[in-house]
Amino acid sequence: KHRQGQLEIMLELLKLDAAKRIPLIDITPPPIEHWELRLIIWECRNVTSKDAISGLNDLYVSCSLASNEYIDEIGKTINNKAQKTDTHYRAKDGFGSFNWRMIWDVYMPCKMPPRLKIQLFDKDIGADDSICECVFSLKQLYTVGFIKKDTVTLYEDKHDKVWLDNLRHPNFADNQGEMLISLQMMPKEVANEFPAGKGRDAPNQNPILMPPTGRIGLTMNPFSMVSQIVGPK
């Protein structure tokens with residue numbers, strides 16, 4: 001026979017008179033807490049070009065929460081619908097700039113914290129080209145948040161902007177790009193106190209997201225305009 005799982009229990013044996021003196025432990029599940037998850041896609045670099053002719057990409061990022069858990073207390077599942085940045089058209093030298101905020105409503109505690117899936121695409125006619133992706137668990141962020149009951153921020157070397165430097169594609173062995181992100185989660189009441197809009201929409205604050213850099217610039221010079229669209233090749 002094969003194992004089908006594990007069950008953790010606590011068992012106490014007490015004499016009748018001792019059992020009457022010791023109150024029962026309250027094992028009522030903690031109430032469901034409403035939280036907000038905020039992800040900022042700042043930029044990407046060293047991205048593989050999918051256009052061999054121009055050497056340019058039309059880059060955008062798609063992110064989703066990998067979870068289908070149904071929350072009985074609120075009568076719905078976690079909103080795991082993918083959110084997308086705008087498109088950095090004709091991105092060159094493997095660089096893309098976005099400064100784009102994504103927000104999800106999440107709930108704790110949960111049976112299994114969702115995984116965050118981040119995908120980088122090259123927009124194309126018909127099907128878009130998948131360049132690279134990464135998937136990581138939010139378990140540690142959820143655990144710290146549930147204990148702390150306050151805002152939790154993902155840090156690396158004391159910086160709240162973190163480089164994801166190992167973005168892969170299943171059909172290629174080498175690294176296909178790097179992405180700079182910020183990730184926070186906070187109780188909903190804190191989120192209401194420090195509001196922020198999706199994308200770069202109002203209220204554009206906490207933090208303020210500046211317009212992206214390196215985008216196509218309108219010019220009266222036709223040669224410069226053609227060069228931006230067609231690429232250096």
# chains A, B, ... in the order shown; residues from 1 in each chain; ligands from 1
>>> residues_around(residues="A:Ser130", least_positions_apart="6", cutoff="12 Å", atoms="only C-alpha atoms", output="list in words")
Val47, Thr48, Ser49, Lys50, Asn57, Asp58, Leu59, Tyr60, Val61, Ser62, Ile118, Gln119, Leu120, Phe121, Asp122, Lys123, Asp124, Leu167, Arg168, His169, Pro170, Asn171, Phe172, Gln176 and Gly177 of chain A
>>> write_last_selection(atoms="C-alpha atoms", output="PDB file, in the first residue's frame")
ATOM      1  CA  VAL A  47      16.387  39.830 -23.246  1.00  0.00           C
ATOM      2  CA  THR A  48      16.789  37.483 -26.185  1.00  0.00           C
ATOM      3  CA  SER A  49      15.601  38.989 -29.476  1.00  0.00           C
ATOM      4  CA  LYS A  50      12.878  37.033 -31.273  1.00  0.00           C
ATOM      5  CA  ASN A  57      11.239  43.089 -29.605  1.00  0.00           C
ATOM      6  CA  ASP A  58       7.762  44.387 -28.818  1.00  0.00           C
ATOM      7  CA  LEU A  59       7.920  43.492 -25.135  1.00  0.00           C
ATOM      8  CA  TYR A  60       5.196  43.111 -22.542  1.00  0.00           C
ATOM      9  CA  VAL A  61       4.914  41.210 -19.242  1.00  0.00           C
ATOM     10  CA  SER A  62       2.025  38.990 -18.149  1.00  0.00           C
ATOM     11  CA  ILE A 118       5.794  36.096 -14.491  1.00  0.00           C
ATOM     12  CA  GLN A 119       6.059  35.758 -18.275  1.00  0.00           C
ATOM     13  CA  LEU A 120       7.797  37.977 -20.829  1.00  0.00           C
ATOM     14  CA  PHE A 121       6.403  38.061 -24.362  1.00  0.00           C
ATOM     15  CA  ASP A 122       7.252  39.525 -27.755  1.00  0.00           C
ATOM     16  CA  LYS A 123       4.004  40.867 -29.202  1.00  0.00           C
ATOM     17  CA  ASP A 124       3.461  39.603 -32.722  1.00  0.00           C
ATOM     18  CA  LEU A 167      14.395  33.787 -16.580  1.00  0.00           C
ATOM     19  CA  ARG A 168      14.118  30.641 -18.669  1.00  0.00           C
ATOM     20  CA  HIS A 169      12.207  29.089 -21.532  1.00  0.00           C
ATOM     21  CA  PRO A 170      11.598  25.316 -21.588  1.00  0.00           C
ATOM     22  CA  ASN A 171      12.893  25.050 -25.160  1.00  0.00           C
ATOM     23  CA  PHE A 172      16.195  26.810 -24.488  1.00  0.00           C
ATOM     24  CA  GLN A 176      16.723  34.378 -21.752  1.00  0.00           C
ATOM     25  CA  GLY A 177      16.567  37.640 -19.796  1.00  0.00           C
TER      26      GLY A 177
END
>>> select_by_dssp(residues="stretch 25-215 of chain A", states="helix (DSSP H, G or I)", output="list in words")
Lys139, Gln140, Leu141, Tyr142, Thr143, Val144, Gly145, Phe146, Ile147, Lys148, Lys188, Glu189, Val190, Ala191, Asn192 and Glu193 of chain A
>>> closest_residue(among="A:Asp150, A:Glu178, A:Asp105, A:Asp160", to="A:Glu133", atoms="only C-alpha atoms")
A:Glu178
>>> closest_atom_pairs(of="stretch 57-154 of chain A", to="stretch 30-40 of chain A", cutoff="12 Å", atoms="only C-alpha atoms", output="Markdown table")
| residue | atom | partner | partner_atom | distance |
| --- | --- | --- | --- | --- |
| A:Val61 | CA | A:Ile40 | CA | 10.8 |
| A:Ser62 | CA | A:Leu39 | CA | 11.5 |
| A:Cys63 | CA | A:Leu39 | CA | 9.1 |
| A:Ser64 | CA | A:Leu39 | CA | 10.5 |
| A:Leu65 | CA | A:Leu37 | CA | 10.2 |
| A:Ile71 | CA | A:Ile32 | CA | 8.7 |
| A:Asp72 | CA | A:Ile32 | CA | 9.6 |
| A:Glu73 | CA | A:Ile32 | CA | 7.0 |
| A:Ile74 | CA | A:Ile32 | CA | 8.3 |
| A:Gly75 | CA | A:Ile32 | CA | 11.6 |
| A:Ile78 | CA | A:His34 | CA | 11.0 |
| A:Asn79 | CA | A:Leu37 | CA | 11.3 |
| A:Asn80 | CA | A:Leu37 | CA | 11.7 |
| A:Gln83 | CA | A:Leu39 | CA | 10.4 |
| A:Lys84 | CA | A:Ile40 | CA | 11.2 |
| A:Thr85 | CA | A:Ile40 | CA | 9.7 |
| A:Ser97 | CA | A:Ile40 | CA | 11.5 |
| A:Phe98 | CA | A:Ile40 | CA | 8.9 |
| A:Asn99 | CA | A:Ile40 | CA | 6.7 |
| A:Trp100 | CA | A:Ile40 | CA | 5.5 |
| A:Arg101 | CA | A:Ile40 | CA | 4.4 |
| A:Met102 | CA | A:Leu39 | CA | 5.1 |
| A:Ile103 | CA | A:Arg38 | CA | 4.7 |
| A:Trp104 | CA | A:Leu37 | CA | 5.1 |
| A:Asp105 | CA | A:Glu36 | CA | 4.7 |
| A:Val106 | CA | A:Trp35 | CA | 5.1 |
| A:Tyr107 | CA | A:His34 | CA | 4.8 |
| A:Met108 | CA | A:Glu33 | CA | 5.1 |
| A:Pro109 | CA | A:Ile32 | CA | 6.2 |
| A:Cys110 | CA | A:Ile32 | CA | 8.4 |
| A:Lys111 | CA | A:Ile32 | CA | 11.7 |
| A:Pro114 | CA | A:Leu37 | CA | 11.2 |
| A:Leu116 | CA | A:Leu39 | CA | 9.9 |
| A:Lys117 | CA | A:Leu39 | CA | 11.4 |
| A:Ile118 | CA | A:Leu39 | CA | 10.4 |
| A:Leu138 | CA | A:Leu37 | CA | 10.3 |
| A:Leu141 | CA | A:Leu37 | CA | 10.1 |
| A:Tyr142 | CA | A:Trp35 | CA | 9.9 |
| A:Gly145 | CA | A:Trp35 | CA | 9.4 |
| A:Phe146 | CA | A:Glu33 | CA | 8.8 |
| A:Ile147 | CA | A:Pro30 | CA | 11.9 |
| A:Lys149 | CA | A:Glu33 | CA | 9.5 |
| A:Asp150 | CA | A:Trp35 | CA | 9.7 |
| A:Thr151 | CA | A:Trp35 | CA | 9.5 |
| A:Val152 | CA | A:Leu37 | CA | 9.7 |
| A:Thr153 | CA | A:Arg38 | CA | 9.6 |
| A:Leu154 | CA | A:Leu39 | CA | 10.1 |
>>> atom_distance(atom1="atom CA of A:Lys148", atom2="atom CA of A:Met186")
10.1 Å
>>> closest_residue(among="A:Met185, A:Ile216, A:Met179, A:Val190", to="A:Cys44", atoms="only C-alpha atoms")
A:Met179
>>> atom_distance(atom1="atom CA of A:Arg90", atom2="atom CA of A:Leu56")
5.2 Å
>>> closest_residue(among="A:Pro113, A:Gly197, A:Pro212, A:Pro23", to="A:Thr143", atoms="only C-alpha atoms")
A:Pro113
>>> atom_distance(atom1="atom CA of A:Gln6", atom2="atom CA of A:Thr28")
21.0 Å
>>> closest_residue(among="A:Thr213, A:Arg3, A:Asp157, A:Ala52", to="A:Phe95", atoms="only C-alpha atoms")
A:Thr213
>>> select_by_dssp(residues="stretch 35-67 of chain A", states="strand (DSSP E or B)", output="PDB file with N, CA, C and O atoms, in the first residue's frame")
ATOM      1  N   TRP A  35      -6.253  40.836   2.262  1.00  0.00           N
ATOM      2  CA  TRP A  35      -4.959  41.461   2.009  1.00  0.00           C
ATOM      3  C   TRP A  35      -4.882  41.931   0.558  1.00  0.00           C
ATOM      4  O   TRP A  35      -5.722  41.570  -0.278  1.00  0.00           O
ATOM      5  N   GLU A  36      -3.863  42.722   0.272  1.00  0.00           N
ATOM      6  CA  GLU A  36      -3.621  43.189  -1.101  1.00  0.00           C
ATOM      7  C   GLU A  36      -2.173  42.888  -1.483  1.00  0.00           C
ATOM      8  O   GLU A  36      -1.245  43.163  -0.713  1.00  0.00           O
ATOM      9  N   LEU A  37      -1.996  42.312  -2.652  1.00  0.00           N
ATOM     10  CA  LEU A  37      -0.666  41.988  -3.180  1.00  0.00           C
ATOM     11  C   LEU A  37      -0.339  42.978  -4.293  1.00  0.00           C
ATOM     12  O   LEU A  37      -1.124  43.142  -5.229  1.00  0.00           O
ATOM     13  N   ARG A  38       0.806  43.646  -4.169  1.00  0.00           N
ATOM     14  CA  ARG A  38       1.216  44.646  -5.160  1.00  0.00           C
ATOM     15  C   ARG A  38       2.545  44.248  -5.788  1.00  0.00           C
ATOM     16  O   ARG A  38       3.524  43.992  -5.085  1.00  0.00           O
ATOM     17  N   LEU A  39       2.555  44.209  -7.102  1.00  0.00           N
ATOM     18  CA  LEU A  39       3.756  43.869  -7.868  1.00  0.00           C
ATOM     19  C   LEU A  39       4.045  45.002  -8.842  1.00  0.00           C
ATOM     20  O   LEU A  39       3.141  45.466  -9.546  1.00  0.00           O
ATOM     21  N   ILE A  40       5.287  45.462  -8.882  1.00  0.00           N
ATOM     22  CA  ILE A  40       5.704  46.471  -9.853  1.00  0.00           C
ATOM     23  C   ILE A  40       6.734  45.850 -10.790  1.00  0.00           C
ATOM     24  O   ILE A  40       7.737  45.283 -10.341  1.00  0.00           O
ATOM     25  N   ILE A  41       6.467  45.948 -12.076  1.00  0.00           N
ATOM     26  CA  ILE A  41       7.425  45.539 -13.107  1.00  0.00           C
ATOM     27  C   ILE A  41       8.158  46.806 -13.538  1.00  0.00           C
ATOM     28  O   ILE A  41       7.572  47.681 -14.177  1.00  0.00           O
ATOM     29  N   TRP A  42       9.430  46.907 -13.180  1.00  0.00           N
ATOM     30  CA  TRP A  42      10.191  48.117 -13.505  1.00  0.00           C
ATOM     31  C   TRP A  42      10.782  48.041 -14.911  1.00  0.00           C
ATOM     32  O   TRP A  42      10.493  48.872 -15.759  1.00  0.00           O
ATOM     33  N   GLU A  43      11.602  47.049 -15.151  1.00  0.00           N
ATOM     34  CA  GLU A  43      12.282  46.961 -16.451  1.00  0.00           C
ATOM     35  C   GLU A  43      12.850  45.564 -16.638  1.00  0.00           C
ATOM     36  O   GLU A  43      12.834  44.730 -15.717  1.00  0.00           O
ATOM     37  N   CYS A  44      13.343  45.312 -17.828  1.00  0.00           N
ATOM     38  CA  CYS A  44      14.041  44.056 -18.114  1.00  0.00           C
ATOM     39  C   CYS A  44      15.287  44.363 -18.939  1.00  0.00           C
ATOM     40  O   CYS A  44      15.385  45.414 -19.578  1.00  0.00           O
ATOM     41  N   ARG A  45      16.223  43.449 -18.914  1.00  0.00           N
ATOM     42  CA  ARG A  45      17.479  43.647 -19.630  1.00  0.00           C
ATOM     43  C   ARG A  45      17.997  42.296 -20.131  1.00  0.00           C
ATOM     44  O   ARG A  45      17.539  41.236 -19.679  1.00  0.00           O
ATOM     45  N   ASN A  57      12.382  43.784 -30.196  1.00  0.00           N
ATOM     46  CA  ASN A  57      11.239  43.089 -29.605  1.00  0.00           C
ATOM     47  C   ASN A  57      10.136  44.088 -29.296  1.00  0.00           C
ATOM     48  O   ASN A  57      10.408  45.265 -29.017  1.00  0.00           O
ATOM     49  N   ASP A  58       8.898  43.626 -29.331  1.00  0.00           N
ATOM     50  CA  ASP A  58       7.762  44.387 -28.818  1.00  0.00           C
ATOM     51  C   ASP A  58       7.369  43.726 -27.495  1.00  0.00           C
ATOM     52  O   ASP A  58       6.557  42.805 -27.451  1.00  0.00           O
ATOM     53  N   LEU A  59       7.956  44.203 -26.411  1.00  0.00           N
ATOM     54  CA  LEU A  59       7.920  43.492 -25.135  1.00  0.00           C
ATOM     55  C   LEU A  59       6.729  43.875 -24.270  1.00  0.00           C
ATOM     56  O   LEU A  59       6.364  45.043 -24.175  1.00  0.00           O
ATOM     57  N   TYR A  60       6.146  42.879 -23.625  1.00  0.00           N
ATOM     58  CA  TYR A  60       5.196  43.111 -22.542  1.00  0.00           C
ATOM     59  C   TYR A  60       5.297  41.956 -21.549  1.00  0.00           C
ATOM     60  O   TYR A  60       5.792  40.871 -21.879  1.00  0.00           O
ATOM     61  N   VAL A  61       4.827  42.199 -20.320  1.00  0.00           N
ATOM     62  CA  VAL A  61       4.914  41.210 -19.242  1.00  0.00           C
ATOM     63  C   VAL A  61       3.511  40.815 -18.804  1.00  0.00           C
ATOM     64  O   VAL A  61       2.639  41.676 -18.629  1.00  0.00           O
ATOM     65  N   SER A  62       3.288  39.523 -18.640  1.00  0.00           N
ATOM     66  CA  SER A  62       2.025  38.990 -18.149  1.00  0.00           C
ATOM     67  C   SER A  62       2.276  38.266 -16.829  1.00  0.00           C
ATOM     68  O   SER A  62       3.201  37.459 -16.732  1.00  0.00           O
ATOM     69  N   CYS A  63       1.456  38.576 -15.804  1.00  0.00           N
ATOM     70  CA  CYS A  63       1.639  37.978 -14.486  1.00  0.00           C
ATOM     71  C   CYS A  63       0.314  37.434 -13.962  1.00  0.00           C
ATOM     72  O   CYS A  63      -0.740  38.044 -14.175  1.00  0.00           O
ATOM     73  N   SER A  64       0.376  36.316 -13.268  1.00  0.00           N
ATOM     74  CA  SER A  64      -0.839  35.712 -12.707  1.00  0.00           C
ATOM     75  C   SER A  64      -0.500  34.974 -11.429  1.00  0.00           C
ATOM     76  O   SER A  64       0.653  34.620 -11.173  1.00  0.00           O
ATOM     77  N   LEU A  65      -1.542  34.757 -10.608  1.00  0.00           N
ATOM     78  CA  LEU A  65      -1.403  33.965  -9.392  1.00  0.00           C
ATOM     79  C   LEU A  65      -1.907  32.560  -9.681  1.00  0.00           C
ATOM     80  O   LEU A  65      -3.070  32.371 -10.047  1.00  0.00           O
ATOM     81  N   ALA A  66      -1.025  31.588  -9.522  1.00  0.00           N
ATOM     82  CA  ALA A  66      -1.382  30.196  -9.795  1.00  0.00           C
ATOM     83  C   ALA A  66      -2.075  29.607  -8.581  1.00  0.00           C
ATOM     84  O   ALA A  66      -1.439  29.061  -7.678  1.00  0.00           O
TER      85      ALA A  66
END
